[in-house]
Amino acid sequence: PVYGFQTDFFPAFYSAESNIRIDRIDSEKEITDIYKTNMRLGFKSGILVANPIPKKYEIPFSEMDEHIKIALDRAKRNSVTGRGLTPFLLAEIVKITKGSSLETNIRLVENNVALACRIAKAF
C-alpha cells in the first residue's frame with residue numbers, strides 16, 4: 001500500500017503535491033500501526049509512505065513540469081539515453097532552476113530522514 005503523510009495528494013518530488021489522490025496518514029503512530037497489522041496478518045510486503053517536501057521549499061508542480069520538459073528536450077537533442085539520462089536530467093534541471101532544485105532536493109532528503117526517525121521512534 002501507498003500512503004501520503006499528512007497529504008491527500010501524491011507528492012511530486014520537487015512539489016508538495018500533484019493531482020494524484022492518495023490515501024492519507026496523519027501520524028507516525030498510524031504508520032506503525034498499519035505496518036504491525038500487516039505483519040500480524042502475514043503480509044510479506046512493506047508500505048510506502050510518500051512524504052511531501054515542506055511547502056516553503058517546494059517548486060510548484062506546473063513550474064517544475066515545464067523545467068522537466070525543457071530538460072527532456074535537451075536530452076533528446078543531445079541523444080542522451082539509458083543510464084546517463086537521469087544524471088543528465090538532474091544536472092539540466094539544476095541549471096534551469098539556477099540551483100534551487102538542488103536545494104529543494106536536499107530539503108526533501110532532510111525531511112524524509114526526519115520522518116523516518118520519528119517513525120522508528122514510534123515503532
# chains A, B, ... in the order shown; residues from 1 in each chain; ligands from 1
>>> residues_around(residues="Ala75 in chain A", least_positions_apart="4", cutoff="9 Å", atoms="only C-alpha atoms", output="PyMOL selection string")
chain A and resi 70-71+79-81+85+88-89+92
>>> write_last_selection(atoms="C-alpha atoms", output="PDB file, in the first residue's frame")
ATOM      1  CA  ILE A  70      12.934  21.563 -21.252  1.00  0.00           C
ATOM      2  CA  ALA A  71      15.461  19.115 -19.772  1.00  0.00           C
ATOM      3  CA  SER A  79      20.961  11.894 -27.829  1.00  0.00           C
ATOM      4  CA  VAL A  80      21.236  11.141 -24.108  1.00  0.00           C
ATOM      5  CA  THR A  81      19.632   7.790 -23.265  1.00  0.00           C
ATOM      6  CA  LEU A  85      19.696  10.048 -18.794  1.00  0.00           C
ATOM      7  CA  PHE A  88      21.843  14.461 -17.329  1.00  0.00           C
ATOM      8  CA  LEU A  89      18.276  15.478 -16.487  1.00  0.00           C
ATOM      9  CA  GLU A  92      19.993  20.239 -16.567  1.00  0.00           C
TER      10      GLU A  92
END
>>> residues_around(residues="range 17-30 of chain A", least_positions_apart="5", cutoff="8 Å", atoms="only C-alpha atoms", output="list in words")
Val2, Tyr3, Gly4, Phe5, Gln6, Thr7, Asp8, Phe9, Phe10, Pro11, Ala12, Pro52, Phe61, Leu115, Arg118, Ile119, Ala122 and Phe123 of chain A
>>> write_last_selection(atoms="N, CA and C atoms", output="compact mmCIF listing (two decimals), in the first residue's frame")
# COMPACT_ATOMS: atom_id res chain seq x y z
N VAL A 2 0.28 2.32 -0.54
CA VAL A 2 0.95 3.62 -0.62
C VAL A 2 0.08 4.65 0.12
N TYR A 3 0.72 5.41 1.00
CA TYR A 3 0.02 6.42 1.78
C TYR A 3 0.74 7.76 1.66
N GLY A 4 -0.03 8.83 1.79
CA GLY A 4 0.54 10.17 1.84
C GLY A 4 0.61 10.62 3.28
N PHE A 5 1.77 11.10 3.70
CA PHE A 5 1.91 11.58 5.08
C PHE A 5 1.41 13.02 5.16
N GLN A 6 0.30 13.18 5.85
CA GLN A 6 -0.34 14.48 6.06
C GLN A 6 -0.66 15.18 4.74
N THR A 7 -1.04 14.38 3.74
CA THR A 7 -1.43 14.93 2.44
C THR A 7 -2.45 14.02 1.78
N ASP A 8 -3.34 14.60 0.98
CA ASP A 8 -4.33 13.85 0.22
C ASP A 8 -3.90 13.64 -1.23
N PHE A 9 -2.75 14.20 -1.59
CA PHE A 9 -2.26 14.10 -2.97
C PHE A 9 -0.83 13.59 -2.98
N PHE A 10 -0.52 12.74 -3.95
CA PHE A 10 0.82 12.16 -4.04
C PHE A 10 1.84 13.27 -4.28
N PRO A 11 2.88 13.34 -3.47
CA PRO A 11 3.91 14.36 -3.69
C PRO A 11 4.63 14.11 -5.02
N ALA A 12 5.01 15.19 -5.66
CA ALA A 12 5.67 15.09 -6.96
C ALA A 12 7.14 15.51 -6.85
N PRO A 52 5.63 14.61 1.55
CA PRO A 52 5.84 15.79 0.71
C PRO A 52 6.92 16.72 1.26
N PHE A 61 4.31 22.57 -8.89
CA PHE A 61 4.18 21.48 -9.85
C PHE A 61 4.21 21.97 -11.30
N LEU A 115 11.33 12.25 9.12
CA LEU A 115 10.13 11.43 9.26
C LEU A 115 10.51 9.99 9.58
N ARG A 118 11.29 9.67 13.19
CA ARG A 118 10.08 9.74 14.03
C ARG A 118 9.28 8.44 13.94
N ILE A 119 9.24 7.83 12.77
CA ILE A 119 8.55 6.54 12.61
C ILE A 119 9.27 5.48 13.42
N ALA A 122 8.47 5.87 16.99
CA ALA A 122 7.10 5.47 17.29
C ALA A 122 6.93 3.95 17.28
N PHE A 123 7.83 3.26 16.61
CA PHE A 123 7.74 1.80 16.47
C PHE A 123 8.07 1.15 17.80
>>> atom_distance(atom1="CA of Thr86 in chain A", atom2="CA of Pro1 in chain A")
26.4 Å
>>> closest_residue(among="A:Glu58, A:Asp73, A:Glu63, A:Asp33", to="Ile106 in chain A", atoms="only C-alpha atoms")
A:Glu58
>>> select_by_dssp(residues="chain A", states="strand (DSSP E)", output="list in words")
Val2, Tyr3, Gly4, Phe5, Asp23, Arg24, Ile25, Leu48, Val49 and Ala50 of chain A
>>> residues_around(residues="Ser62 in chain A", least_positions_apart="4", cutoff="10 Å", atoms="only C-alpha atoms", output="PDB file with N, CA and C atoms, in the first residue's frame")
ATOM      1  N   SER A  15       7.736  19.059  -5.771  1.00  0.00           N
ATOM      2  CA  SER A  15       6.496  19.753  -5.430  1.00  0.00           C
ATOM      3  C   SER A  15       5.769  18.995  -4.325  1.00  0.00           C
ATOM      4  N   SER A  18       0.823  16.604  -6.307  1.00  0.00           N
ATOM      5  CA  SER A  18       0.457  16.508  -7.717  1.00  0.00           C
ATOM      6  C   SER A  18      -1.070  16.508  -7.758  1.00  0.00           C
ATOM      7  N   GLU A  66       7.360  22.287 -16.450  1.00  0.00           N
ATOM      8  CA  GLU A  66       7.988  22.989 -17.576  1.00  0.00           C
ATOM      9  C   GLU A  66       9.503  22.772 -17.588  1.00  0.00           C
ATOM     10  N   HIS A  67      10.128  22.827 -16.424  1.00  0.00           N
ATOM     11  CA  HIS A  67      11.579  22.597 -16.339  1.00  0.00           C
ATOM     12  C   HIS A  67      11.933  21.193 -16.831  1.00  0.00           C
TER      13      HIS A  67
END
>>> select_by_dssp(residues="range 3-91 of chain A", states="alpha helix (DSSP H)", output="VMD selection string")
chain A and resid 28 to 40 61 to 77 85 to 91
>>> closest_residue(among="A:Val49, A:Lys69, A:Val109, A:Gly99", to="Thr32 in chain A", atoms="only C-alpha atoms")
A:Val49
>>> atom_distance(atom1="CA of Glu103 in chain A", atom2="CA of Ile68 in chain A")
16.4 Å
